[in-house]
file my_file.cif (mmCIF, C-alpha atoms)
data_structure
#
loop_
_atom_site.label_atom_id
_atom_site.label_comp_id
_atom_site.auth_asym_id
_atom_site.auth_seq_id
_atom_site.Cartn_x
_atom_site.Cartn_y
_atom_site.Cartn_z
CA MET A 28 -18.72 -18.21 -9.36
CA GLU A 29 -18.72 -16.77 -5.83
CA ILE A 30 -16.12 -18.43 -3.65
CA LYS A 31 -16.63 -18.21 0.09
CA ALA A 32 -15.09 -20.00 3.05
CA HIS A 33 -16.51 -22.08 5.87
CA ILE A 34 -15.51 -21.65 9.50
CA SER A 35 -15.66 -23.78 12.62
CA ILE A 36 -14.21 -23.97 16.12
CA TYR A 37 -11.74 -26.83 16.26
CA LEU A 38 -9.75 -28.67 18.93
CA ASP A 39 -6.28 -29.25 17.49
CA THR A 40 -5.28 -32.61 18.99
CA ARG A 41 -2.12 -33.05 16.93
CA ARG A 42 0.17 -32.01 19.79
CA LYS A 43 -0.71 -32.24 23.48
CA LYS A 44 0.57 -29.57 25.85
CA ASN A 45 2.40 -30.40 29.09
CA ASP A 46 -0.77 -29.85 31.13
CA GLY A 47 -2.71 -32.37 29.03
CA THR A 48 -4.70 -29.78 27.04
CA PHE A 49 -4.88 -29.00 23.33
CA PRO A 50 -5.16 -25.59 21.63
CA VAL A 51 -8.61 -24.51 20.52
CA LYS A 52 -8.43 -22.93 17.06
CA LEU A 53 -10.55 -21.21 14.49
CA ARG A 54 -10.62 -23.36 11.34
CA VAL A 55 -11.21 -21.66 7.99
CA PHE A 56 -11.79 -23.92 4.98
CA GLN A 57 -11.92 -22.80 1.35
CA SER A 58 -13.36 -25.34 -1.06
CA TYR A 59 -11.85 -23.88 -4.26
CA PRO A 60 -8.96 -23.84 -4.47
CA LYS A 61 -9.06 -26.37 -1.64
CA GLN A 62 -7.20 -24.90 1.32
CA GLN A 63 -7.47 -24.85 5.09
CA LYS A 64 -5.89 -22.65 7.75
CA LEU A 65 -6.01 -22.75 11.53
CA TYR A 66 -5.88 -19.62 13.70
CA ALA A 67 -5.01 -19.72 17.39
CA THR A 68 -7.42 -18.56 20.08
CA ALA A 69 -6.70 -17.85 23.75
CA PHE A 70 -8.17 -21.21 24.82
CA ASN A 71 -6.58 -24.58 25.65
CA MET A 72 -8.83 -27.49 26.66
CA THR A 73 -8.89 -31.21 27.16
CA GLN A 74 -11.12 -33.24 24.88
CA GLN A 75 -13.68 -33.53 27.70
CA GLU A 76 -13.65 -29.77 28.37
CA PHE A 77 -14.05 -28.99 24.66
CA ASP A 78 -16.98 -31.40 24.31
CA SER A 79 -18.64 -29.93 27.40
CA THR A 80 -18.03 -26.34 26.25
CA TRP A 81 -18.63 -26.48 22.51
CA THR A 82 -20.04 -29.78 21.34
CA ASN A 83 -22.69 -30.14 24.04
CA ASP A 84 -25.88 -28.30 23.07
CA HIS A 85 -26.69 -27.52 26.71
CA PRO A 86 -23.41 -26.89 28.57
CA ARG A 87 -23.35 -26.57 32.32
CA GLN A 88 -22.95 -23.16 33.96
CA GLU A 89 -19.16 -23.37 34.36
CA TYR A 90 -18.70 -23.83 30.59
CA ARG A 91 -21.11 -21.18 29.34
CA GLU A 92 -18.76 -18.18 29.62
CA ASN A 93 -16.07 -19.81 27.48
CA ARG A 94 -18.73 -21.00 25.02
CA ALA A 95 -19.94 -17.41 24.63
CA LYS A 96 -16.39 -16.18 23.97
CA LEU A 97 -15.86 -18.85 21.33
CA TYR A 98 -19.13 -17.82 19.71
CA GLU A 99 -17.79 -14.24 19.56
CA ILE A 100 -14.67 -15.45 17.71
CA GLU A 101 -16.76 -17.47 15.26
CA TYR A 102 -19.25 -14.62 14.75
CA LYS A 103 -16.48 -12.07 14.06
CA ALA A 104 -14.86 -14.37 11.50
CA GLN A 105 -18.22 -15.00 9.80
CA GLN A 106 -18.95 -11.26 9.66
CA ILE A 107 -15.60 -10.66 7.95
CA ILE A 108 -16.21 -13.38 5.37
CA ASP A 109 -19.78 -12.22 4.66
CA ALA A 110 -18.54 -8.67 4.00
CA MET A 111 -15.97 -9.83 1.43
CA ALA A 112 -16.95 -9.72 -2.24
CA PHE A 113 -14.37 -12.42 -2.93
CA PHE A 114 -12.62 -14.46 -0.26
CA THR A 115 -8.84 -14.54 0.06
CA PHE A 116 -6.89 -15.66 3.10
CA GLU A 117 -4.62 -12.62 2.83
CA LEU A 118 -7.50 -10.16 3.11
CA PHE A 119 -9.26 -12.28 5.75
CA GLU A 120 -6.17 -12.30 7.97
CA LYS A 121 -5.64 -8.59 7.54
CA ARG A 122 -9.17 -7.92 8.82
CA LEU A 123 -9.16 -10.62 11.49
CA PHE A 124 -6.07 -9.31 13.25
CA MET A 125 -6.66 -5.62 12.64
CA LYS A 126 -7.76 -3.52 15.58
CA PRO A 127 -11.08 -1.67 15.13
CA GLY A 128 -10.62 1.53 13.11
CA ILE A 129 -7.09 0.68 12.00
CA GLY A 130 -8.15 -0.30 8.48
CA SER A 131 -9.59 3.14 7.78
CA ASN A 132 -6.84 5.02 9.61
CA VAL A 133 -4.99 7.24 7.13
CA LYS A 134 -1.65 7.35 8.97
CA ARG A 135 -1.60 3.58 9.48
CA GLN A 136 -2.29 2.87 5.80
CA PHE A 137 0.38 5.35 4.70
CA ASP A 138 2.91 3.68 7.01
CA LEU A 139 2.05 0.20 5.70
CA ASN A 140 2.30 1.35 2.10
CA ILE A 141 5.62 3.12 2.65
CA GLU A 142 7.00 -0.01 4.32
CA SER A 143 5.88 -2.12 1.35
CA LEU A 144 7.42 0.30 -1.17
CA LEU A 145 10.75 0.31 0.66
CA LYS A 146 10.82 -3.50 0.64
CA SER A 147 10.35 -3.47 -3.15
CA GLU A 148 13.07 -0.76 -3.44
CA GLN A 149 10.67 1.83 -4.85
CA TYR A 150 12.43 4.61 -2.97
CA GLY A 151 11.16 7.51 -5.09
CA THR A 152 7.51 6.51 -4.68
CA SER A 153 7.95 5.86 -0.96
CA GLU A 154 9.45 9.35 -0.57
CA CYS A 155 6.39 10.82 -2.30
CA TYR A 156 4.10 9.03 0.19
CA THR A 157 6.25 10.23 3.08
CA LEU A 158 6.07 13.86 1.93
CA CYS A 159 2.33 13.57 1.34
CA ILE A 160 1.52 12.32 4.86
CA LYS A 161 3.81 14.99 6.35
CA SER A 162 1.94 17.71 4.46
CA LEU A 163 -1.39 16.32 5.68
CA GLU A 164 -0.06 16.33 9.23
CA ALA A 165 1.02 19.98 8.87
CA PHE A 166 -2.40 20.89 7.44
CA LEU A 167 -4.22 19.28 10.37
CA LYS A 168 -2.03 21.16 12.85
CA TYR A 169 -2.76 24.40 10.99
CA SER A 170 -6.52 23.81 10.84
CA LYS A 171 -6.62 22.40 14.40
CA SER A 172 -9.24 19.89 13.30
CA THR A 173 -7.73 16.59 14.48
CA TYR A 174 -4.42 14.77 14.90
CA ILE A 175 -2.92 12.82 12.00
CA GLU A 176 -2.97 9.65 14.16
CA ASN A 177 -6.77 9.93 14.41
CA LEU A 178 -7.61 10.87 10.83
CA GLN A 179 -9.91 8.39 9.06
CA PHE A 180 -10.48 8.07 5.32
CA GLN A 181 -14.17 8.78 5.91
CA GLU A 182 -13.24 12.28 7.11
CA ILE A 183 -11.50 13.20 3.85
CA SER A 184 -14.38 14.91 2.04
CA PRO A 185 -14.35 17.19 -1.03
CA GLY A 186 -14.50 20.13 1.39
CA PHE A 187 -11.51 18.78 3.33
CA LEU A 188 -9.50 18.53 0.10
CA LYS A 189 -10.45 22.04 -1.02
CA GLU A 190 -9.21 23.44 2.30
CA TYR A 191 -6.03 21.38 2.00
CA GLU A 192 -5.42 22.79 -1.50
CA LYS A 193 -5.98 26.35 -0.26
CA TYR A 194 -3.58 25.77 2.65
CA MET A 195 -0.87 24.37 0.38
CA VAL A 196 -1.09 27.09 -2.30
CA ILE A 197 -1.88 30.20 -0.24
CA HIS A 198 -0.40 29.50 3.20
CA LYS A 199 2.58 27.32 2.24
CA GLY A 200 3.22 28.79 -1.21
CA ARG A 201 3.39 25.41 -2.91
CA SER A 202 2.78 25.07 -6.64
CA TYR A 203 -0.29 23.37 -8.09
CA THR A 204 2.07 20.74 -9.47
CA THR A 205 3.12 19.80 -5.93
CA VAL A 206 -0.49 19.77 -4.74
CA SER A 207 -1.41 17.54 -7.68
CA ILE A 208 1.40 15.07 -6.92
CA TYR A 209 0.42 14.78 -3.25
CA LEU A 210 -3.30 14.42 -3.95
CA ARG A 211 -2.77 11.82 -6.66
CA THR A 212 -0.74 9.90 -4.08
CA LEU A 213 -3.60 10.18 -1.58
CA ARG A 214 -6.09 9.15 -4.28
CA ALA A 215 -4.05 6.05 -5.11
CA LEU A 216 -4.05 5.00 -1.46
CA PHE A 217 -7.79 5.75 -1.19
CA ASN A 218 -8.42 3.44 -4.15
CA LYS A 219 -6.26 0.76 -2.53
CA VAL A 220 -8.17 0.68 0.78
CA ILE A 221 -11.49 0.66 -1.11
CA LYS A 222 -10.30 -2.27 -3.23
CA GLU A 223 -9.35 -4.09 -0.02
CA GLU A 224 -12.85 -3.27 1.29
CA LEU A 225 -11.47 -1.44 4.32
CA VAL A 226 -13.42 1.70 3.39
CA LYS A 227 -16.75 1.93 1.54
CA ARG A 228 -16.74 3.47 -1.94
CA GLU A 229 -19.43 5.95 -0.91
CA TYR A 230 -16.74 7.89 0.99
CA TYR A 231 -14.56 8.36 -2.12
CA PRO A 232 -14.12 12.16 -2.47
CA PHE A 233 -12.38 12.38 -5.85
CA GLY A 234 -14.12 12.90 -9.16
CA SER A 235 -15.83 15.57 -11.22
CA LYS A 236 -16.88 18.93 -9.78
CA LYS A 237 -20.26 18.64 -11.46
CA ASP A 238 -20.89 15.52 -9.38
CA GLY A 239 -19.99 17.33 -6.17
CA LYS A 240 -16.60 15.64 -5.93
CA TYR A 241 -13.10 17.10 -5.63
CA GLU A 242 -11.16 17.47 -8.87
CA ILE A 243 -7.39 17.40 -8.53
CA PRO A 244 -5.82 20.55 -10.04
CA TYR A 245 -3.80 19.99 -13.16
CA SER A 246 -0.86 22.18 -14.06
CA GLN A 247 0.70 21.72 -17.46
CA LYS A 248 4.41 22.42 -17.59
CA VAL A 249 5.94 24.18 -20.54
CA LYS A 250 8.93 22.15 -21.66
CA LYS A 251 11.92 24.31 -22.55
CA ALA A 252 14.72 22.90 -24.65
CA MET A 253 18.30 24.07 -24.31
CA THR A 254 19.73 25.89 -27.30
CA ASN A 255 22.82 24.69 -29.14
CA ALA A 256 24.74 27.66 -27.72
CA GLN A 257 23.76 26.72 -24.16
CA LEU A 258 24.78 23.11 -24.73
CA LYS A 259 28.10 24.24 -26.19
CA THR A 260 28.75 26.45 -23.15
CA LEU A 261 27.95 23.59 -20.80
CA PHE A 262 30.07 21.11 -22.76
CA GLU A 263 33.10 23.41 -22.86
CA SER A 264 32.88 24.37 -19.18
CA GLU A 265 35.84 23.32 -17.04
CA PRO A 266 34.97 21.38 -13.85
CA GLN A 267 36.70 22.70 -10.75
CA THR A 268 36.62 19.48 -8.72
CA PRO A 269 36.56 15.71 -9.43
CA GLU A 270 32.96 15.66 -8.18
CA GLN A 271 31.93 18.31 -10.71
CA GLU A 272 33.70 16.40 -13.48
CA LYS A 273 31.82 13.23 -12.57
CA ALA A 274 28.50 15.13 -12.42
CA LYS A 275 29.17 16.61 -15.86
CA ASP A 276 29.96 13.17 -17.31
CA PHE A 277 26.78 11.69 -15.88
CA TRP A 278 24.69 14.60 -17.17
CA PHE A 279 25.96 14.33 -20.74
CA PHE A 280 25.67 10.55 -20.70
CA SER A 281 22.03 10.89 -19.60
CA TYR A 282 21.43 13.58 -22.24
CA SER A 283 22.94 11.41 -24.97
CA CYS A 284 20.75 8.48 -23.88
CA SER A 285 17.50 10.44 -24.35
CA GLY A 286 17.28 11.43 -20.71
CA MET A 287 18.07 8.12 -19.01
CA ASN A 288 17.64 8.69 -15.29
CA MET A 289 20.35 8.10 -12.71
CA LYS A 290 18.95 4.84 -11.31
CA ASP A 291 18.80 3.30 -14.77
CA ILE A 292 22.37 4.45 -15.47
CA LEU A 293 23.62 2.91 -12.22
CA GLN A 294 21.89 -0.39 -12.99
CA LEU A 295 23.46 -0.77 -16.45
CA ARG A 296 25.52 -3.94 -16.89
CA CYS A 297 27.94 -5.13 -19.59
CA LYS A 298 25.24 -7.43 -21.01
CA ASP A 299 23.16 -4.33 -21.84
CA PHE A 300 25.79 -3.25 -24.44
CA ASP A 301 26.12 -5.05 -27.75
CA GLY A 302 28.55 -2.68 -29.46
CA GLU A 303 25.88 -0.74 -31.33
CA THR A 304 23.13 -0.20 -28.79
CA ILE A 305 22.33 0.01 -25.08
CA LYS A 306 19.14 -1.86 -24.14
CA PHE A 307 17.47 -1.52 -20.75
CA TYR A 308 14.18 -1.48 -18.85
CA ARG A 309 13.13 1.59 -16.86
CA ALA A 310 13.32 0.84 -13.14
CA LYS A 311 10.51 3.34 -12.57
CA THR A 312 7.93 1.22 -14.39
CA ILE A 313 9.24 -2.32 -14.01
CA ASN A 314 7.04 -2.98 -10.94
CA THR A 315 3.91 -1.30 -12.30
CA THR A 316 3.68 -2.38 -15.93
CA ARG A 317 2.73 -5.90 -17.00
CA ASN A 318 4.08 -5.56 -20.54
CA LYS A 319 7.72 -4.65 -20.06
CA LYS A 320 9.03 -2.42 -22.82
CA GLU A 321 12.73 -2.61 -23.58
CA LEU A 322 14.24 0.74 -24.46
CA THR A 323 17.05 1.07 -26.99
CA VAL A 324 19.75 3.75 -27.18
CA TYR A 325 21.77 3.73 -30.41
CA LEU A 326 25.48 4.39 -30.10
CA ASN A 327 26.88 6.86 -32.59
CA TYR A 328 30.60 6.78 -33.33
CA TYR A 329 32.33 9.77 -34.89
#
call {"tool": "encode", "arguments": {"input": "my_file.cif", "output": "structure tokens"}}
result
Amino acid sequence: MEIKAHISIYLDTRRKKNDGTFPVKLRVFQSYPKQQKLYATAFNMTQQEFDSTWTNDHPRQEYRENRAKLYEIEYKAQQIIDAMAFFTFELFEKRLFMKPGIGSNVKRQFDLNIESLLKSEQYGTSECYTLCIKSLEAFLKYSKSTYIENLQFQEISPGFLKEYEKYMVIHKGRSYTTVSIYLRTLRALFNKVIKEELVKREYYPFGSKKDGKYEIPYSQKVKKAMTNAQLKTLFESEPQTPEQEKAKDFWFFSYSCSGMNMKDILQLRCKDFDGETIKFYRAKTINTTRNKKELTVYLNYY
């Protein structure tokens, strides 16, 4: 069932101002779930002025200019609602108060996403977004095509991405792994703005080469395990400072716990130990996975 909202221009008479006027607001009503919100406009009117401006079908000359401006507010709101596949107040407000072009502005969307990630304490992911936008900024300066502040998602074509890849690998000497990480970050943000209907899907540049799209390079790492001799050497090494001793302890604790990362180690609490096991959830996936998987490390006593 398609759920839309209904709009109207409304005189909010709940609280009179000192000059005897009331605020004129945009009223948005959603029938299911039943909800209403009021949004301020720049107008304040008495009941008589509002009736003469908005309610009267044939307002006098002195009211026509304000009537036209209120029609613009109503028309803009209706255009936003009509363009939405499914109405939500959150998305409506984002579009209503967004300046033209801001929604498809790459730098602006990166900044908003980084801010959101920092609030949810996803520092590693936010750092990846920060490095990605910085590399795009450096590429634009190198190519002298535009400024990062002006770059729109619609300008990021398969050709743009191919040139960016060439710049990163040949000019900057970055590995394909780095290029892949940055471009998967950009792709994730591209998908986000498309989902929010800020950019049309027809501008999406990622996909299969045979379809004329850009395919993110994939570099498979060869995992190398340490030999028993190397582990023995590392274990028997003598730390020269307290800091080195602490680093060595953390490293071997992580190794013994199947590679538990530092954030997970730092978040361990006494309740996670039961004498035989350590049980924990990975901080890296706790915000992205619906089905939380508890990991178990078995304690071996010799």
call {"tool": "resolve_selection", "arguments": {"input": "my_file.cif", "expression": "the PyMOL selection byres ((chain A and resi 141) around 9)", "output": "tab-separated table (two decimals) with C-alpha atoms, in the coordinates of the input"}}
result
chain	number	residue	atom	x	y	z
A	136	GLN	CA	-2.29	2.87	5.80
A	137	PHE	CA	0.38	5.35	4.70
A	138	ASP	CA	2.91	3.68	7.01
A	139	LEU	CA	2.05	0.20	5.70
A	140	ASN	CA	2.30	1.35	2.10
A	142	GLU	CA	7.00	-0.01	4.32
A	143	SER	CA	5.88	-2.12	1.35
A	144	LEU	CA	7.42	0.30	-1.17
A	145	LEU	CA	10.75	0.31	0.66
A	146	LYS	CA	10.82	-3.50	0.64
A	150	TYR	CA	12.43	4.61	-2.97
A	152	THR	CA	7.51	6.51	-4.68
A	153	SER	CA	7.95	5.86	-0.96
A	154	GLU	CA	9.45	9.35	-0.57
A	156	TYR	CA	4.10	9.03	0.19
A	157	THR	CA	6.25	10.23	3.08
call {"tool": "closest_atom_pairs", "arguments": {"input": "my_file.cif", "of": "region 246-308 of chain A", "to": "region 324-327 of chain A", "cutoff": "7 Å", "atoms": "only C-alpha atoms", "output": "CSV"}}
result
residue,atom,partner,partner_atom,distance
A:Cys284,CA,A:Val324,CA,5.9
A:Glu303,CA,A:Leu326,CA,5.3
A:Thr304,CA,A:Tyr325,CA,4.5
A:Ile305,CA,A:Val324,CA,5.0
A:Lys306,CA,A:Val324,CA,6.4
call {"tool": "atom_distance", "arguments": {"input": "my_file.cif", "atom1": "CA of Thr48 (chain A)", "atom2": "CA of Gln74 (chain A)"}}
result
7.6 Å
call {"tool": "closest_residue", "arguments": {"input": "my_file.cif", "among": "A:Glu242, A:Asp299, A:Glu272, A:Glu223", "to": "Leu118 (chain A)", "atoms": "only C-alpha atoms"}}
result
A:Glu223
call {"tool": "atom_distance", "arguments": {"input": "my_file.cif", "atom1": "CA of Ser172 (chain A)", "atom2": "CA of Lys219 (chain A)"}}
result
25.0 Å
call {"tool": "resolve_selection", "arguments": {"input": "my_file.cif", "expression": "the PyMOL selection byres ((chain A and resi 181) around 9)", "output": "VMD selection string"}}
result
chain A and resid 131 178 to 180 182 to 184 226 to 227 230 to 231
call {"tool": "resolve_selection", "arguments": {"input": "my_file.cif", "expression": "the PyMOL selection byres ((chain A and resi 123) around 8)", "output": "NGL selection string"}}
result
:A and (103-104 or 107 or 119-122 or 124-125)
call {"tool": "closest_residue", "arguments": {"input": "my_file.cif", "among": "A:Leu158, A:Tyr241, A:Lys193, A:Gly234", "to": "Tyr209 (chain A)", "atoms": "all atoms listed in the file"}}
result
A:Leu158
call {"tool": "closest_residue", "arguments": {"input": "my_file.cif", "among": "A:Leu188, A:Ala310, A:Leu163, A:Ala67", "to": "Glu176 (chain A)", "atoms": "all atoms listed in the file"}}
result
A:Leu163
call {"tool": "closest_residue", "arguments": {"input": "my_file.cif", "among": "A:Lys31, A:Ser79, A:Asn177, A:Asn132", "to": "Asp109 (chain A)", "atoms": "all atoms listed in the file"}}
result
A:Lys31
call {"tool": "atom_distance", "arguments": {"input": "my_file.cif", "atom1": "CA of Ser235 (chain A)", "atom2": "CA of Tyr194 (chain A)"}}
result
21.1 Å
call {"tool": "axis_aligned_box", "arguments": {"input": "my_file.cif", "around": "region 262-269 of chain A", "padding_each_side": "5 Å", "output": "JSON"}}
result
{"center_x": 33.4, "center_y": 20.0, "center_z": -15.8, "size_x": 16.6, "size_y": 18.7, "size_z": 24.1}
call {"tool": "decode", "arguments": {"input": "my_file.cif", "residues": "region 35-61 of chain A", "atoms": "N, CA, C and O atoms", "output": "PDB file, in the first residue's frame"}}
result
ATOM      1  N   SER A  35      -1.008  21.335   3.655  1.00  0.00           N
ATOM      2  CA  SER A  35      -1.874  22.517   3.620  1.00  0.00           C
ATOM      3  C   SER A  35      -1.155  23.668   4.304  1.00  0.00           C
ATOM      4  O   SER A  35      -0.217  23.460   5.081  1.00  0.00           O
ATOM      5  N   ILE A  36      -1.594  24.878   3.991  1.00  0.00           N
ATOM      6  CA  ILE A  36      -1.081  26.073   4.664  1.00  0.00           C
ATOM      7  C   ILE A  36      -2.026  26.355   5.837  1.00  0.00           C
ATOM      8  O   ILE A  36      -3.253  26.354   5.693  1.00  0.00           O
ATOM      9  N   TYR A  37      -1.439  26.597   6.993  1.00  0.00           N
ATOM     10  CA  TYR A  37      -2.220  26.579   8.232  1.00  0.00           C
ATOM     11  C   TYR A  37      -1.834  27.754   9.127  1.00  0.00           C
ATOM     12  O   TYR A  37      -0.641  28.049   9.293  1.00  0.00           O
ATOM     13  N   LEU A  38      -2.833  28.424   9.685  1.00  0.00           N
ATOM     14  CA  LEU A  38      -2.590  29.492  10.655  1.00  0.00           C
ATOM     15  C   LEU A  38      -2.623  28.883  12.052  1.00  0.00           C
ATOM     16  O   LEU A  38      -3.661  28.407  12.513  1.00  0.00           O
ATOM     17  N   ASP A  39      -1.482  28.883  12.717  1.00  0.00           N
ATOM     18  CA  ASP A  39      -1.357  28.257  14.031  1.00  0.00           C
ATOM     19  C   ASP A  39      -1.788  29.251  15.108  1.00  0.00           C
ATOM     20  O   ASP A  39      -1.022  30.106  15.553  1.00  0.00           O
ATOM     21  N   THR A  40      -3.047  29.146  15.539  1.00  0.00           N
ATOM     22  CA  THR A  40      -3.612  30.111  16.491  1.00  0.00           C
ATOM     23  C   THR A  40      -3.451  29.682  17.944  1.00  0.00           C
ATOM     24  O   THR A  40      -4.097  30.244  18.838  1.00  0.00           O
ATOM     25  N   ARG A  41      -2.607  28.708  18.219  1.00  0.00           N
ATOM     26  CA  ARG A  41      -2.449  28.236  19.589  1.00  0.00           C
ATOM     27  C   ARG A  41      -1.790  29.262  20.492  1.00  0.00           C
ATOM     28  O   ARG A  41      -2.058  29.306  21.695  1.00  0.00           O
ATOM     29  N   ARG A  42      -0.922  30.093  19.930  1.00  0.00           N
ATOM     30  CA  ARG A  42      -0.208  31.073  20.758  1.00  0.00           C
ATOM     31  C   ARG A  42      -0.058  32.380  19.984  1.00  0.00           C
ATOM     32  O   ARG A  42       0.601  32.433  18.950  1.00  0.00           O
ATOM     33  N   LYS A  43      -0.684  33.421  20.488  1.00  0.00           N
ATOM     34  CA  LYS A  43      -0.652  34.728  19.814  1.00  0.00           C
ATOM     35  C   LYS A  43       0.645  35.455  20.139  1.00  0.00           C
ATOM     36  O   LYS A  43       1.132  35.434  21.266  1.00  0.00           O
ATOM     37  N   LYS A  44       1.225  36.099  19.129  1.00  0.00           N
ATOM     38  CA  LYS A  44       2.430  36.897  19.328  1.00  0.00           C
ATOM     39  C   LYS A  44       2.067  38.249  19.932  1.00  0.00           C
ATOM     40  O   LYS A  44       0.895  38.641  19.982  1.00  0.00           O
ATOM     41  N   ASN A  45       3.087  38.985  20.390  1.00  0.00           N
ATOM     42  CA  ASN A  45       2.860  40.276  21.046  1.00  0.00           C
ATOM     43  C   ASN A  45       2.179  41.288  20.135  1.00  0.00           C
ATOM     44  O   ASN A  45       1.469  42.181  20.611  1.00  0.00           O
ATOM     45  N   ASP A  46       2.402  41.160  18.818  1.00  0.00           N
ATOM     46  CA  ASP A  46       1.794  42.118  17.882  1.00  0.00           C
ATOM     47  C   ASP A  46       0.404  41.680  17.431  1.00  0.00           C
ATOM     48  O   ASP A  46      -0.183  42.280  16.524  1.00  0.00           O
ATOM     49  N   GLY A  47      -0.134  40.622  18.045  1.00  0.00           N
ATOM     50  CA  GLY A  47      -1.484  40.184  17.716  1.00  0.00           C
ATOM     51  C   GLY A  47      -1.566  39.218  16.548  1.00  0.00           C
ATOM     52  O   GLY A  47      -2.676  38.814  16.159  1.00  0.00           O
ATOM     53  N   THR A  48      -0.426  38.798  15.987  1.00  0.00           N
ATOM     54  CA  THR A  48      -0.430  37.878  14.848  1.00  0.00           C
ATOM     55  C   THR A  48      -0.157  36.445  15.309  1.00  0.00           C
ATOM     56  O   THR A  48       0.243  36.206  16.447  1.00  0.00           O
ATOM     57  N   PHE A  49      -0.368  35.522  14.373  1.00  0.00           N
ATOM     58  CA  PHE A  49      -0.078  34.105  14.608  1.00  0.00           C
ATOM     59  C   PHE A  49       0.865  33.610  13.503  1.00  0.00           C
ATOM     60  O   PHE A  49       0.844  34.142  12.376  1.00  0.00           O
ATOM     61  N   PRO A  50       1.686  32.607  13.794  1.00  0.00           N
ATOM     62  CA  PRO A  50       2.580  32.085  12.753  1.00  0.00           C
ATOM     63  C   PRO A  50       1.816  31.278  11.693  1.00  0.00           C
ATOM     64  O   PRO A  50       0.932  30.493  12.022  1.00  0.00           O
ATOM     65  N   VAL A  51       2.180  31.515  10.451  1.00  0.00           N
ATOM     66  CA  VAL A  51       1.633  30.737   9.344  1.00  0.00           C
ATOM     67  C   VAL A  51       2.573  29.559   9.101  1.00  0.00           C
ATOM     68  O   VAL A  51       3.784  29.745   8.941  1.00  0.00           O
ATOM     69  N   LYS A  52       2.033  28.341   9.071  1.00  0.00           N
ATOM     70  CA  LYS A  52       2.876  27.152   8.970  1.00  0.00           C
ATOM     71  C   LYS A  52       2.431  26.229   7.840  1.00  0.00           C
ATOM     72  O   LYS A  52       1.286  26.287   7.375  1.00  0.00           O
ATOM     73  N   LEU A  53       3.372  25.411   7.438  1.00  0.00           N
ATOM     74  CA  LEU A  53       3.079  24.345   6.495  1.00  0.00           C
ATOM     75  C   LEU A  53       2.690  23.114   7.310  1.00  0.00           C
ATOM     76  O   LEU A  53       3.464  22.655   8.147  1.00  0.00           O
ATOM     77  N   ARG A  54       1.491  22.589   7.074  1.00  0.00           N
ATOM     78  CA  ARG A  54       1.034  21.416   7.809  1.00  0.00           C
ATOM     79  C   ARG A  54       1.164  20.178   6.916  1.00  0.00           C
ATOM     80  O   ARG A  54       0.676  20.166   5.787  1.00  0.00           O
ATOM     81  N   VAL A  55       1.827  19.153   7.439  1.00  0.00           N
ATOM     82  CA  VAL A  55       1.980  17.891   6.711  1.00  0.00           C
ATOM     83  C   VAL A  55       1.322  16.803   7.544  1.00  0.00           C
ATOM     84  O   VAL A  55       1.684  16.593   8.705  1.00  0.00           O
ATOM     85  N   PHE A  56       0.350  16.108   6.935  1.00  0.00           N
ATOM     86  CA  PHE A  56      -0.417  15.093   7.640  1.00  0.00           C
ATOM     87  C   PHE A  56      -0.249  13.743   6.952  1.00  0.00           C
ATOM     88  O   PHE A  56      -0.449  13.617   5.740  1.00  0.00           O
ATOM     89  N   GLN A  57       0.137  12.744   7.743  1.00  0.00           N
ATOM     90  CA  GLN A  57       0.259  11.371   7.252  1.00  0.00           C
ATOM     91  C   GLN A  57      -0.866  10.553   7.878  1.00  0.00           C
ATOM     92  O   GLN A  57      -1.015  10.529   9.105  1.00  0.00           O
ATOM     93  N   SER A  58      -1.628   9.870   7.037  1.00  0.00           N
ATOM     94  CA  SER A  58      -2.794   9.145   7.544  1.00  0.00           C
ATOM     95  C   SER A  58      -2.428   7.831   8.227  1.00  0.00           C
ATOM     96  O   SER A  58      -3.102   7.407   9.163  1.00  0.00           O
ATOM     97  N   TYR A  59      -1.340   7.177   7.739  1.00  0.00           N
ATOM     98  CA  TYR A  59      -0.955   5.893   8.349  1.00  0.00           C
ATOM     99  C   TYR A  59       0.567   5.736   8.323  1.00  0.00           C
ATOM    100  O   TYR A  59       1.153   5.763   7.240  1.00  0.00           O
ATOM    101  N   PRO A  60       1.199   5.610   9.489  1.00  0.00           N
ATOM    102  CA  PRO A  60       0.583   5.802  10.805  1.00  0.00           C
ATOM    103  C   PRO A  60       0.179   7.258  10.995  1.00  0.00           C
ATOM    104  O   PRO A  60       0.862   8.154  10.492  1.00  0.00           O
ATOM    105  N   LYS A  61      -0.900   7.500  11.684  1.00  0.00           N
ATOM    106  CA  LYS A  61      -1.458   8.841  11.794  1.00  0.00           C
ATOM    107  C   LYS A  61      -0.491   9.767  12.513  1.00  0.00           C
ATOM    108  O   LYS A  61      -0.146   9.555  13.673  1.00  0.00           O
TER     109      LYS A  61
END
